[in-house]
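Chemist: Please find work.cif (mmCIF, C-alpha atoms and all ligand atoms) on the next line:
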data_start
loop_
_atom_site.group_PDB
_atom_site.id
_atom_site.type_symbol
_atom_site.label_atom_id
_atom_site.label_comp_id
_atom_site.auth_asym_id
_atom_site.auth_seq_id
_atom_site.Cartn_x
_atom_site.Cartn_y
_atom_site.Cartn_z
ATOM 1 C CA MET A 1 -8.924 -12.778 -12.616
ATOM 2 C CA GLY A 2 -10.564 -15.270 -10.277
ATOM 3 C CA ASP A 3 -14.136 -15.336 -9.109
ATOM 4 C CA TRP A 4 -13.598 -13.323 -5.964
ATOM 5 C CA ALA A 5 -16.297 -10.829 -5.171
ATOM 6 C CA TYR A 6 -14.970 -7.405 -4.216
ATOM 7 C CA THR A 7 -17.147 -6.940 -1.159
ATOM 8 C CA LYS A 8 -16.267 -5.637 2.274
ATOM 9 C CA GLY A 9 -15.186 -8.247 4.797
ATOM 10 C CA LEU A 10 -13.584 -11.650 5.123
ATOM 11 C CA HIS A 11 -13.091 -13.895 2.101
ATOM 12 C CA GLU A 12 -11.978 -17.506 2.568
ATOM 13 C CA LEU A 13 -9.171 -18.394 0.181
ATOM 14 C CA GLY A 14 -9.020 -22.081 1.148
ATOM 15 C CA ASN A 15 -6.551 -24.095 3.273
ATOM 16 C CA GLY A 16 -6.908 -21.816 6.287
ATOM 17 C CA SER A 17 -6.169 -18.523 4.528
ATOM 18 C CA TYR A 18 -8.369 -15.458 4.342
ATOM 19 C CA ALA A 19 -8.375 -11.989 2.833
ATOM 20 C CA TRP A 20 -10.029 -8.980 4.488
ATOM 21 C CA LEU A 21 -11.107 -6.536 1.787
ATOM 22 C CA GLN A 22 -12.151 -2.896 2.145
ATOM 23 C CA PRO A 23 -13.774 -1.540 -1.006
ATOM 24 C CA ASP A 24 -13.380 0.844 -2.689
ATOM 25 C CA GLY A 25 -9.648 0.542 -2.037
ATOM 26 C CA GLY A 26 -9.092 4.317 -2.211
ATOM 27 C CA TRP A 27 -6.973 6.404 0.178
ATOM 28 C CA GLY A 28 -6.608 4.411 3.435
ATOM 29 C CA TRP A 29 -8.971 1.576 2.497
ATOM 30 C CA SER A 30 -6.443 -1.260 2.639
ATOM 31 C CA ASN A 31 -6.680 -5.061 2.538
ATOM 32 C CA ALA A 32 -5.230 -7.511 5.051
ATOM 33 C CA GLY A 33 -4.752 -11.279 5.329
ATOM 34 C CA LEU A 34 -4.938 -14.151 7.780
ATOM 35 C CA VAL A 35 -3.117 -17.495 7.626
ATOM 36 C CA CYS A 36 -4.066 -20.324 10.006
ATOM 37 C CA ASP A 37 -2.719 -23.833 10.500
ATOM 38 C CA GLY A 38 -2.283 -26.306 13.335
ATOM 39 C CA GLY A 39 -3.726 -23.967 15.968
ATOM 40 C CA GLU A 40 -1.449 -21.076 14.975
ATOM 41 C CA SER A 41 -2.187 -17.846 13.154
ATOM 42 C CA LEU A 42 -0.396 -15.125 11.231
ATOM 43 C CA LEU A 43 -1.962 -11.783 10.358
ATOM 44 C CA VAL A 44 -0.737 -9.811 7.358
ATOM 45 C CA ASP A 45 -1.201 -6.115 8.197
ATOM 46 C CA THR A 46 -3.532 -4.230 10.504
ATOM 47 C CA LEU A 47 -5.806 -1.382 9.343
ATOM 48 C CA PHE A 48 -5.727 2.424 9.532
ATOM 49 C CA ASP A 49 -7.390 2.797 12.918
ATOM 50 C CA VAL A 50 -8.412 0.868 16.008
ATOM 51 C CA ARG A 51 -12.119 0.620 15.204
ATOM 52 C CA LEU A 52 -11.533 -0.884 11.756
ATOM 53 C CA THR A 53 -8.899 -3.276 13.075
ATOM 54 C CA ARG A 54 -11.149 -4.487 15.925
ATOM 55 C CA GLU A 55 -13.997 -5.081 13.505
ATOM 56 C CA MET A 56 -11.691 -7.142 11.278
ATOM 57 C CA LEU A 57 -10.242 -9.178 14.155
ATOM 58 C CA ALA A 58 -13.740 -9.967 15.447
ATOM 59 C CA ALA A 59 -14.765 -11.314 12.037
ATOM 60 C CA MET A 60 -11.567 -13.350 11.838
ATOM 61 C CA ARG A 61 -12.208 -14.871 15.274
ATOM 62 C CA ARG A 62 -15.691 -15.868 14.230
ATOM 63 C CA ALA A 63 -14.335 -17.601 11.122
ATOM 64 C CA ALA A 64 -11.195 -19.200 12.553
ATOM 65 C CA PRO A 65 -10.572 -20.235 16.185
ATOM 66 C CA GLU A 66 -6.801 -19.830 15.625
ATOM 67 C CA ALA A 67 -7.369 -16.084 15.284
ATOM 68 C CA ALA A 68 -8.442 -15.790 18.929
ATOM 69 C CA ARG A 69 -4.779 -15.122 19.640
ATOM 70 C CA ILE A 70 -2.726 -13.802 16.732
ATOM 71 C CA GLY A 71 0.726 -15.373 17.100
ATOM 72 C CA THR A 72 2.550 -13.384 14.436
ATOM 73 C CA LEU A 73 1.754 -10.102 12.724
ATOM 74 C CA VAL A 74 3.588 -9.118 9.559
ATOM 75 C CA ASN A 75 3.481 -5.463 8.498
ATOM 76 C CA THR A 76 4.072 -5.293 4.744
ATOM 77 C CA HIS A 77 5.254 -1.665 4.993
ATOM 78 C CA ALA A 78 5.184 1.513 7.055
ATOM 79 C CA ASN A 79 2.074 3.301 5.746
ATOM 80 C CA GLY A 80 -0.448 3.720 8.565
ATOM 81 C CA ASP A 81 -3.241 1.928 6.738
ATOM 82 C CA HIS A 82 -1.149 -1.235 7.163
ATOM 83 C CA CYS A 83 0.147 -0.793 10.724
ATOM 84 C CA TYR A 84 -1.719 1.813 12.822
ATOM 85 C CA GLY A 85 -3.951 -0.983 14.181
ATOM 86 C CA ASN A 86 -0.955 -2.880 15.597
ATOM 87 C CA SER A 87 -1.915 -2.039 19.195
ATOM 88 C CA GLU A 88 -4.870 -4.409 18.838
ATOM 89 C CA VAL A 89 -2.567 -7.420 18.520
ATOM 90 C CA ALA A 90 -0.096 -6.321 21.190
ATOM 91 C CA GLY A 91 1.558 -9.446 22.563
ATOM 92 C CA ALA A 92 2.022 -10.895 19.102
ATOM 93 C CA ARG A 93 5.418 -11.233 17.484
ATOM 94 C CA ILE A 94 5.402 -8.265 15.058
ATOM 95 C CA VAL A 95 7.664 -8.653 12.022
ATOM 96 C CA ALA A 96 8.632 -6.080 9.397
ATOM 97 C CA SER A 97 11.653 -5.256 7.281
ATOM 98 C CA ARG A 98 14.274 -3.158 9.048
ATOM 99 C CA ALA A 99 13.704 -0.340 6.553
ATOM 100 C CA SER A 100 9.952 -0.367 7.275
ATOM 101 C CA ALA A 101 10.482 -0.334 11.035
ATOM 102 C CA GLU A 102 12.654 2.773 10.694
ATOM 103 C CA GLU A 103 10.077 4.428 8.441
ATOM 104 C CA MET A 104 7.259 3.708 10.921
ATOM 105 C CA ASP A 105 9.041 5.894 13.466
ATOM 106 C CA GLU A 106 8.960 8.837 11.012
ATOM 107 C CA LEU A 107 5.154 9.082 10.966
ATOM 108 C CA PRO A 108 3.665 7.427 14.076
ATOM 109 C CA PRO A 109 -0.097 7.705 14.663
ATOM 110 C CA GLU A 110 0.356 10.589 17.147
ATOM 111 C CA THR A 111 1.985 12.681 14.412
ATOM 112 C CA MET A 112 -0.785 11.806 11.966
ATOM 113 C CA ALA A 113 -3.432 12.798 14.548
ATOM 114 C CA ASN A 114 -1.735 16.199 14.992
ATOM 115 C CA LEU A 115 -1.422 16.681 11.250
ATOM 116 C CA MET A 116 -5.148 16.060 10.818
ATOM 117 C CA LYS A 117 -5.980 18.514 13.627
ATOM 118 C CA ASN A 118 -3.924 21.240 11.955
ATOM 119 C CA ALA A 119 -4.829 20.353 8.373
ATOM 120 C CA ALA A 120 -7.164 23.322 7.866
ATOM 121 C CA ALA A 121 -4.282 25.712 8.518
ATOM 122 C CA LEU A 122 -1.956 23.941 6.096
ATOM 123 C CA GLY A 123 -3.330 25.281 2.819
ATOM 124 C CA PRO A 124 -4.516 23.269 -0.191
ATOM 125 C CA GLY A 125 -2.242 20.324 0.663
ATOM 126 C CA GLY A 126 -3.697 20.080 4.152
ATOM 127 C CA GLU A 127 -7.190 20.395 2.738
ATOM 128 C CA PHE A 128 -6.746 17.451 0.367
ATOM 129 C CA LEU A 129 -5.005 15.360 3.035
ATOM 130 C CA ALA A 130 -7.869 16.025 5.436
ATOM 131 C CA ARG A 131 -10.408 15.022 2.796
ATOM 132 C CA CYS A 132 -8.565 11.766 1.927
ATOM 133 C CA PHE A 133 -8.265 10.636 5.525
ATOM 134 C CA ALA A 134 -11.459 12.078 7.028
ATOM 135 C CA PRO A 135 -13.110 8.646 7.532
ATOM 136 C CA PHE A 136 -10.395 7.492 9.952
ATOM 137 C CA GLN A 137 -9.856 8.147 13.658
ATOM 138 C CA PHE A 138 -6.205 8.688 14.612
ATOM 139 C CA ASP A 139 -6.675 10.067 18.134
ATOM 140 C CA GLY A 140 -5.340 7.984 20.981
ATOM 141 C CA ILE A 141 -3.689 5.252 18.909
ATOM 142 C CA ALA A 142 -0.678 3.767 20.704
ATOM 143 C CA HIS A 143 2.325 3.499 18.389
ATOM 144 C CA THR A 144 3.155 -0.226 18.329
ATOM 145 C CA PRO A 145 6.326 -0.894 16.354
ATOM 146 C CA PRO A 146 7.669 -4.269 15.179
ATOM 147 C CA THR A 147 9.317 -6.523 17.747
ATOM 148 C CA GLU A 148 11.523 -8.143 15.135
ATOM 149 C CA THR A 149 13.026 -7.015 11.835
ATOM 150 C CA PHE A 150 14.806 -8.623 8.903
ATOM 151 C CA SER A 151 16.307 -7.735 5.539
ATOM 152 C CA GLY A 152 15.961 -9.647 2.297
ATOM 153 C CA GLU A 153 14.081 -12.837 3.105
ATOM 154 C CA LEU A 154 12.589 -14.493 6.160
ATOM 155 C CA ARG A 155 10.904 -17.902 6.329
ATOM 156 C CA LEU A 156 8.211 -18.341 8.970
ATOM 157 C CA SER A 157 6.012 -21.262 9.855
ATOM 158 C CA VAL A 158 2.361 -21.258 10.841
ATOM 159 C CA GLY A 159 1.615 -24.782 12.033
ATOM 160 C CA ALA A 160 2.957 -26.931 9.191
ATOM 161 C CA LYS A 161 2.579 -24.124 6.663
ATOM 162 C CA GLU A 162 5.518 -22.142 5.331
ATOM 163 C CA VAL A 163 5.184 -18.376 4.864
ATOM 164 C CA VAL A 164 8.009 -16.697 2.956
ATOM 165 C CA LEU A 165 8.529 -12.981 3.494
ATOM 166 C CA LEU A 166 10.321 -11.328 0.587
ATOM 167 C CA GLU A 167 11.531 -7.755 0.830
ATOM 168 C CA LEU A 168 10.955 -6.287 -2.637
ATOM 169 C CA GLY A 169 11.348 -2.635 -1.678
ATOM 170 C CA PRO A 170 12.312 0.100 -1.679
ATOM 171 C CA ALA A 171 9.485 0.764 -4.121
ATOM 172 C CA HIS A 172 6.143 2.030 -2.781
ATOM 173 C CA THR A 173 7.906 2.742 0.533
ATOM 174 C CA LYS A 174 11.412 2.137 1.832
ATOM 175 C CA GLY A 175 10.934 -1.455 2.929
ATOM 176 C CA ASP A 176 8.048 -3.191 1.130
ATOM 177 C CA VAL A 177 7.568 -6.875 1.947
ATOM 178 C CA ILE A 178 5.263 -9.497 0.440
ATOM 179 C CA ALA A 179 4.040 -12.660 2.215
ATOM 180 C CA TRP A 180 4.043 -15.732 -0.014
ATOM 181 C CA LEU A 181 2.534 -19.140 0.769
ATOM 182 C CA PRO A 182 4.322 -21.364 -1.731
ATOM 183 C CA GLY A 183 2.357 -24.452 -0.706
ATOM 184 C CA ASP A 184 -0.995 -22.795 -1.374
ATOM 185 C CA GLY A 185 -0.234 -20.523 -4.316
ATOM 186 C CA VAL A 186 -1.333 -17.473 -2.317
ATOM 187 C CA VAL A 187 0.520 -14.188 -1.977
ATOM 188 C CA PHE A 188 -0.298 -11.051 0.016
ATOM 189 C CA THR A 189 1.508 -8.207 -1.718
ATOM 190 C CA GLY A 190 0.850 -5.160 0.438
ATOM 191 C CA ASP A 191 1.002 -1.987 -1.637
ATOM 192 C CA ILE A 192 3.335 -3.375 -4.286
ATOM 193 C CA LEU A 193 -0.046 -3.949 -5.936
ATOM 194 C CA PHE A 194 -2.966 -1.550 -6.185
ATOM 195 C CA ILE A 195 -5.669 -3.105 -8.374
ATOM 196 C CA ASP A 196 -8.034 -0.749 -10.230
ATOM 197 C CA GLY A 197 -6.376 2.009 -8.226
ATOM 198 C CA THR A 198 -3.300 4.098 -8.946
ATOM 199 C CA PRO A 199 0.031 3.027 -7.446
ATOM 200 C CA ILE A 200 1.817 5.783 -5.514
ATOM 201 C CA VAL A 201 5.611 5.766 -5.620
ATOM 202 C CA TRP A 202 6.600 7.375 -2.324
ATOM 203 C CA ALA A 203 10.104 5.895 -2.273
ATOM 204 C CA GLY A 204 11.168 4.307 -5.563
ATOM 205 C CA PRO A 205 13.272 3.602 -7.489
ATOM 206 C CA VAL A 206 10.539 2.827 -10.010
ATOM 207 C CA SER A 207 12.779 0.173 -11.603
ATOM 208 C CA ASN A 208 12.643 -1.758 -8.309
ATOM 209 C CA TRP A 209 8.858 -1.644 -8.321
ATOM 210 C CA ILE A 210 8.704 -2.831 -11.943
ATOM 211 C CA ALA A 211 10.966 -5.758 -11.024
ATOM 212 C CA ALA A 212 8.797 -6.479 -7.969
ATOM 213 C CA CYS A 213 5.664 -6.812 -10.144
ATOM 214 C CA GLU A 214 7.480 -9.249 -12.401
ATOM 215 C CA ARG A 215 8.734 -11.215 -9.413
ATOM 216 C CA ILE A 216 5.184 -11.527 -8.070
ATOM 217 C CA ALA A 217 3.848 -12.601 -11.465
ATOM 218 C CA ALA A 218 6.581 -15.259 -11.660
ATOM 219 C CA LEU A 219 5.645 -16.793 -8.282
ATOM 220 C CA ASP A 220 2.928 -18.729 -10.069
ATOM 221 C CA ALA A 221 0.369 -17.933 -7.361
ATOM 222 C CA GLY A 222 -3.241 -18.400 -8.361
ATOM 223 C CA VAL A 223 -4.505 -16.002 -5.692
ATOM 224 C CA ILE A 224 -2.900 -12.595 -5.283
ATOM 225 C CA VAL A 225 -4.253 -10.309 -2.566
ATOM 226 C CA PRO A 226 -3.202 -6.715 -3.277
ATOM 227 C CA GLY A 227 -2.773 -3.975 -0.695
ATOM 228 C CA HIS A 228 -5.771 -2.163 -2.175
ATOM 229 C CA GLY A 229 -8.489 -3.346 -4.560
ATOM 230 C CA PRO A 230 -9.939 -6.720 -5.547
ATOM 231 C CA ILE A 231 -8.142 -10.083 -5.427
ATOM 232 C CA THR A 232 -6.193 -10.649 -8.629
ATOM 233 C CA ASP A 233 -3.716 -12.946 -10.395
ATOM 234 C CA ALA A 234 -0.445 -12.611 -12.324
ATOM 235 C CA LYS A 235 -2.157 -10.509 -14.980
ATOM 236 C CA GLY A 236 -3.058 -7.924 -12.353
ATOM 237 C CA ALA A 237 0.583 -7.711 -11.241
ATOM 238 C CA LEU A 238 1.685 -7.134 -14.831
ATOM 239 C CA ARG A 239 -0.924 -4.396 -15.300
ATOM 240 C CA VAL A 240 0.652 -2.487 -12.411
ATOM 241 C CA ARG A 241 4.055 -2.953 -14.070
ATOM 242 C CA ASP A 242 2.613 -1.634 -17.346
ATOM 243 C CA TYR A 243 1.337 1.510 -15.595
ATOM 244 C CA LEU A 244 4.761 2.148 -14.074
ATOM 245 C CA VAL A 245 6.520 1.650 -17.422
ATOM 246 C CA TYR A 246 4.045 4.001 -19.119
ATOM 247 C CA VAL A 247 4.413 6.697 -16.493
ATOM 248 C CA ARG A 248 8.202 6.358 -16.481
ATOM 249 C CA ASP A 249 8.375 6.811 -20.273
ATOM 250 C CA GLN A 250 5.880 9.697 -20.365
ATOM 251 C CA THR A 251 7.701 11.425 -17.531
ATOM 252 C CA ARG A 252 11.098 10.979 -19.165
ATOM 253 C CA GLU A 253 9.960 12.849 -22.292
ATOM 254 C CA ARG A 254 8.905 15.811 -20.187
ATOM 255 C CA PHE A 255 12.013 15.656 -18.005
ATOM 256 C CA ASP A 256 14.174 15.812 -21.147
ATOM 257 C CA ALA A 257 12.060 18.704 -22.473
ATOM 258 C CA GLY A 258 12.771 20.676 -19.289
ATOM 259 C CA LEU A 259 9.283 20.796 -17.790
ATOM 260 C CA SER A 260 9.001 21.193 -14.023
ATOM 261 C CA PRO A 261 7.758 18.082 -12.193
ATOM 262 C CA ALA A 262 4.426 19.783 -11.442
ATOM 263 C CA ASP A 263 3.911 20.785 -15.072
ATOM 264 C CA ALA A 264 4.862 17.295 -16.231
ATOM 265 C CA ALA A 265 2.262 15.808 -13.876
ATOM 266 C CA ARG A 266 -0.356 18.240 -15.206
ATOM 267 C CA ASP A 267 0.587 17.449 -18.816
ATOM 268 C CA ILE A 268 0.618 13.630 -18.866
ATOM 269 C CA ALA A 269 -2.491 12.040 -20.383
ATOM 270 C CA LEU A 270 -3.101 8.809 -18.496
ATOM 271 C CA GLY A 271 -5.056 7.123 -21.286
ATOM 272 C CA GLU A 272 -6.440 3.769 -20.165
ATOM 273 C CA TYR A 273 -5.118 4.385 -16.628
ATOM 274 C CA ALA A 274 -7.200 7.533 -16.152
ATOM 275 C CA ALA A 275 -10.070 5.289 -15.043
ATOM 276 C CA TRP A 276 -8.058 3.900 -12.123
ATOM 277 C CA ARG A 277 -9.034 5.324 -8.735
ATOM 278 C CA ASP A 278 -6.928 8.204 -7.346
ATOM 279 C CA ALA A 279 -5.290 9.038 -10.685
ATOM 280 C CA GLU A 280 -3.973 12.273 -9.089
ATOM 281 C CA ARG A 281 -1.146 10.206 -7.559
ATOM 282 C CA ILE A 282 0.671 10.846 -10.848
ATOM 283 C CA ALA A 283 1.925 13.993 -9.059
ATOM 284 C CA VAL A 284 3.948 11.936 -6.573
ATOM 285 C CA ASN A 285 5.085 9.426 -9.185
ATOM 286 C CA VAL A 286 6.447 12.109 -11.488
ATOM 287 C CA HIS A 287 8.217 13.822 -8.610
ATOM 288 C CA THR A 288 9.888 10.587 -7.522
ATOM 289 C CA LEU A 289 11.110 9.911 -11.082
ATOM 290 C CA TYR A 290 12.505 13.447 -11.387
ATOM 291 C CA ARG A 291 14.322 12.946 -8.107
ATOM 292 C CA GLU A 292 15.843 9.697 -9.404
ATOM 293 C CA TRP A 293 17.026 11.362 -12.602
ATOM 294 C CA SER A 294 18.303 14.598 -11.129
ATOM 295 C CA ALA A 295 21.135 13.001 -9.148
ATOM 296 C CA GLY A 296 20.408 14.766 -5.895
ATOM 297 C CA ALA A 297 19.645 18.178 -7.418
ATOM 298 C CA LEU A 298 15.956 17.689 -6.605
ATOM 299 C CA GLY A 299 15.440 16.975 -2.923
ATOM 300 C CA ARG A 300 12.906 14.797 -1.225
ATOM 301 C CA ALA A 301 9.461 16.164 -1.929
ATOM 302 C CA ASN A 302 7.534 18.291 0.491
ATOM 303 C CA ALA A 303 4.596 15.952 1.124
ATOM 304 C CA LEU A 304 2.180 18.833 1.719
ATOM 305 C CA GLU A 305 3.053 20.405 -1.635
ATOM 306 C CA LEU A 306 2.459 17.072 -3.310
ATOM 307 C CA PHE A 307 -0.908 16.708 -1.576
ATOM 308 C CA GLY A 308 -1.726 20.205 -2.818
ATOM 309 C CA LEU A 309 -0.915 19.265 -6.407
ATOM 310 C CA MET A 310 -2.839 16.003 -6.062
ATOM 311 C CA GLY A 311 -5.824 17.992 -4.827
ATOM 312 C CA GLU A 312 -5.593 20.239 -7.881
ATOM 313 C CA LEU A 313 -5.420 17.257 -10.264
ATOM 314 C CA GLU A 314 -8.243 15.457 -8.486
ATOM 315 C CA LYS A 315 -10.466 18.531 -8.774
ATOM 316 C CA ARG A 316 -9.639 18.835 -12.478
ATOM 317 C CA GLY A 317 -10.479 15.117 -12.967
ATOM 318 C CA ARG A 318 -13.861 15.605 -11.287
ATOM 319 C CA ALA A 319 -14.583 18.674 -13.421
ATOM 320 C CA ARG A 320 -14.022 16.478 -16.479
ATOM 321 C CA GLY A 321 -16.418 13.938 -15.066
ATOM 322 C CA GLY A 322 -13.559 11.528 -14.279
HETATM 323 ZN ZN ZN A 401 -2.022 1.114 1.641
#
Could you render the structure from this file as structure tokens?

Modeler:
Amino acid sequence: MGDWAYTKGLHELGNGSYAWLQPDGGWGWSNAGLVCDGGESLLVDTLFDVRLTREMLAAMRRAAPEAARIGTLVNTHANGDHCYGNSEVAGARIVASRASAEEMDELPPETMANLMKNAAALGPGGEFLARCFAPFQFDGIAHTPPTETFSGELRLSVGAKEVVLLELGPAHTKGDVIAWLPGDGVVFTGDILFIDGTPIVWAGPVSNWIAACERIAALDAGVIVPGHGPITDAKGALRVRDYLVYVRDQTRERFDAGLSPADAARDIALGEYAAWRDAERIAVNVHTLYREWSAGALGRANALELFGLMGELEKRGRARGG
């Protein structure tokens, strides 16, 4: 682990690159990145709402004149905490994987705003969802999708600097992308990495995510900016892999023993990972693994039910003083 303080705001990484960090990295509190060279700029991700994104862009403009006009925006994936602020860089070239662009249309900000308005009537799942996302303002956000998509790999330039986009999903979501600066040893991973927080496997397969962690570790980057949590290095990427391997193996035992996914999630002792933020995400991770192993017999999860189970597990964790 490097010497990077985990404090809110802009952190200069050297050579024209910056990370924007939002402690504590819990639900919706995502990181973003900025790459500048030769009068050009590339932004990696926007934030969950307009206010947060404007605040970030203002700080970036103060630090780097190139950020006055963002030339290219890369969205690492479709979760709103990485793209709902896109309207604030309208006019930029907006790049995402094709799979992410399709997924963004499934839950645009308007839908999220309606969901939050109706959350109280949606039972325990709605209650937990509303609590997780209460700090954010989804009303009136204009859905601003990518202007350009790719699959696999895309090489971009920012001034004389090369930025390599690698699609490592489906894993966290359907189309996860990382942005790698081979010349600087810097990589922005989006939510392939949660550091000191619990990864949430919305899409899977988990094997893809495990491979993605190993790929990131092998890039030999000294500075790794995760989607949530403090700046890390290859060791941090391998810790996320270790969590996924542990959860996969623990879940498999319970799958083979015939437990329901909900009971398996309730039963797994997280050991050293229990201290990671938002440990209740085990509910989603177990469900995704069951879906992988049940060859279509178990359908795509009802997100509200999963939020309900996460709420139950979170409450239990708090009761234990976790
Ligand atoms: Zn995120």

Chemist: Can you tell me, as a ChimeraX atom specification, which residues sit within 10 Å of (0.6, -3.2, 10.6) in the file's frame, using all atoms listed in the file?

Modeler: /A:32,43-48,53,73-89,94-96,104,144-146

Chemist: Set out as a tab-separated table a contact list for chain A and ligand ZN 401 (chain A) with a cut-off of 6 Å, giving each residue of chain A that qualifies its closest atom pair and distance in Å to one decimal, counting all atoms listed in the file, ordered by chain and rising residue number.

Modeler:
residue	atom	partner	partner_atom	distance
A:Gly28	CA	A:ZN401	ZN	5.9
A:Ser30	CA	A:ZN401	ZN	5.1
A:Asp81	CA	A:ZN401	ZN	5.3
A:Asp191	CA	A:ZN401	ZN	5.4
A:Gly227	CA	A:ZN401	ZN	5.6

Chemist: What is the CA of Val201 (chain A) to CA of Ala142 (chain A) distance in Å?

Modeler: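 Atom-to-atom, CA of Val201 (chain A) to CA of Ala142 (chain A), that is 27.1 Å.
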
Chemist: Counting only C-alpha atoms, write as number ranges by chain all protein and nucleic acid residues lying at most 12 Å from (-7.8, -5.2, -5.2) in the file's frame.

Modeler: A: 1-2, 4-8, 19-26, 29-32, 188-199, 223-233, 236-237, 240, 276-277

Chemist: Could you please determine the separation between CA of Ile210 (chain A) and CA of Val245 (chain A) in Å, to one decimal place?

Modeler: 7.4 Å

Chemist: Quick one: apply the PyMOL selection byres (((chain A and resi 70) around 10) and not hetatm) to the file and drop the selected residues here as a PyMOL selection string.

Modeler: chain A and resi 34-36+40-43+57+61+66-69+71-73+88-94

Chemist: So what do you get for CA of Asp256 (chain A) versus CA of Arg241 (chain A), distance-wise?

Modeler: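 If I compute the distance from CA of Asp256 (chain A) to CA of Arg241 (chain A), I get 22.5 Å.
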
Chemist: Counting all atoms listed in the file, figure out which residue out of A:Met60, A:Val186, A:Leu244, A:Leu289 gets nearest to Asp220 (chain A).

Modeler: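 Nearest candidate to Asp220 (chain A) out of A:Met60, A:Val186, A:Leu244, A:Leu289: A:Val186.
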
Chemist: Padding 6 Å on each side, edges along x, y and z: where is the centre of the box around the listed atoms of region 266-281 of chain A, and how long are its edges in Å to one decimal? Output it as lines of an AutoDock Vina configuration file.

Modeler:
center_x = -4.7
center_y = 11.0
center_z = -14.3
size_x = 22.7
size_y = 26.5
size_z = 25.9

Chemist: Which residues come within 10 Å of Gly38 (chain A), counting only C-alpha atoms, excluding same-chain residues fewer than 6 positions away, as a compact mmCIF listing (two decimals) with C-alpha atoms, keeping the file's coordinate frame?

Modeler:
# COMPACT_ATOMS: atom_id res chain seq x y z
CA GLY A 16 -6.91 -21.82 6.29
CA GLU A 66 -6.80 -19.83 15.62
CA VAL A 158 2.36 -21.26 10.84
CA GLY A 159 1.62 -24.78 12.03
CA ALA A 160 2.96 -26.93 9.19
CA LYS A 161 2.58 -24.12 6.66

Chemist: Given all atoms listed in the file as the basis, pick out the residue of A:Ala297, A:Ala101, A:Met56, A:Met310 nearest to Ala283 (chain A).

Modeler: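 Ranking A:Ala297, A:Ala101, A:Met56, A:Met310 by distance to Ala283 (chain A), first place goes to A:Met310.
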
Chemist: List the residues selected by the PyMOL selection byres (((chain A and resi 180) around 9) and not hetatm) in the file shown, writing them as an NGL selection string.

Modeler: :A and (162-166 or 178-179 or 181-189 or 219 or 221)

Chemist: May I have the selected residues written with C-alpha atoms, as a compact mmCIF listing (two decimals), in the frame of the given file?

Modeler:
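Once everything was written out, this is out.txt:
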# COMPACT_ATOMS: atom_id res chain seq x y z
CA GLU A 162 5.52 -22.14 5.33
CA VAL A 163 5.18 -18.38 4.86
CA VAL A 164 8.01 -16.70 2.96
CA LEU A 165 8.53 -12.98 3.49
CA LEU A 166 10.32 -11.33 0.59
CA ILE A 178 5.26 -9.50 0.44
CA ALA A 179 4.04 -12.66 2.22
CA LEU A 181 2.53 -19.14 0.77
CA PRO A 182 4.32 -21.36 -1.73
CA GLY A 183 2.36 -24.45 -0.71
CA ASP A 184 -1.00 -22.80 -1.37
CA GLY A 185 -0.23 -20.52 -4.32
CA VAL A 186 -1.33 -17.47 -2.32
CA VAL A 187 0.52 -14.19 -1.98
CA PHE A 188 -0.30 -11.05 0.02
CA THR A 189 1.51 -8.21 -1.72
CA LEU A 219 5.64 -16.79 -8.28
CA ALA A 221 0.37 -17.93 -7.36

Chemist: Restore N, CA, C and O atoms in region 280-286 of chain A and list the result as a short mmCIF file (atom, residue, chain, number, x, y, z; two decimals), in the coordinates of the input.

Modeler:
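Listed below is the output, rebuild.cif:
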data_model
loop_
_atom_site.label_atom_id
_atom_site.label_comp_id
_atom_site.auth_asym_id
_atom_site.auth_seq_id
_atom_site.Cartn_x
_atom_site.Cartn_y
_atom_site.Cartn_z
N GLU A 280 -4.79 11.10 -9.45
CA GLU A 280 -3.97 12.27 -9.09
C GLU A 280 -2.61 11.91 -8.50
O GLU A 280 -1.71 12.74 -8.40
N ARG A 281 -2.44 10.63 -8.12
CA ARG A 281 -1.15 10.21 -7.56
C ARG A 281 -0.01 10.33 -8.58
O ARG A 281 1.16 10.23 -8.21
N ILE A 282 -0.34 10.56 -9.83
CA ILE A 282 0.67 10.85 -10.85
C ILE A 282 1.61 11.95 -10.36
O ILE A 282 2.81 11.96 -10.70
N ALA A 283 1.10 12.88 -9.56
CA ALA A 283 1.92 13.99 -9.06
C ALA A 283 3.12 13.47 -8.26
O ALA A 283 4.25 13.94 -8.43
N VAL A 284 2.87 12.51 -7.40
CA VAL A 284 3.95 11.94 -6.57
C VAL A 284 4.87 11.08 -7.44
O VAL A 284 6.10 11.12 -7.30
N ASN A 285 4.28 10.34 -8.36
CA ASN A 285 5.08 9.43 -9.18
C ASN A 285 6.06 10.19 -10.07
O ASN A 285 7.22 9.80 -10.22
N VAL A 286 5.58 11.28 -10.65
CA VAL A 286 6.45 12.11 -11.49
C VAL A 286 7.56 12.72 -10.64
O VAL A 286 8.73 12.73 -11.04
#
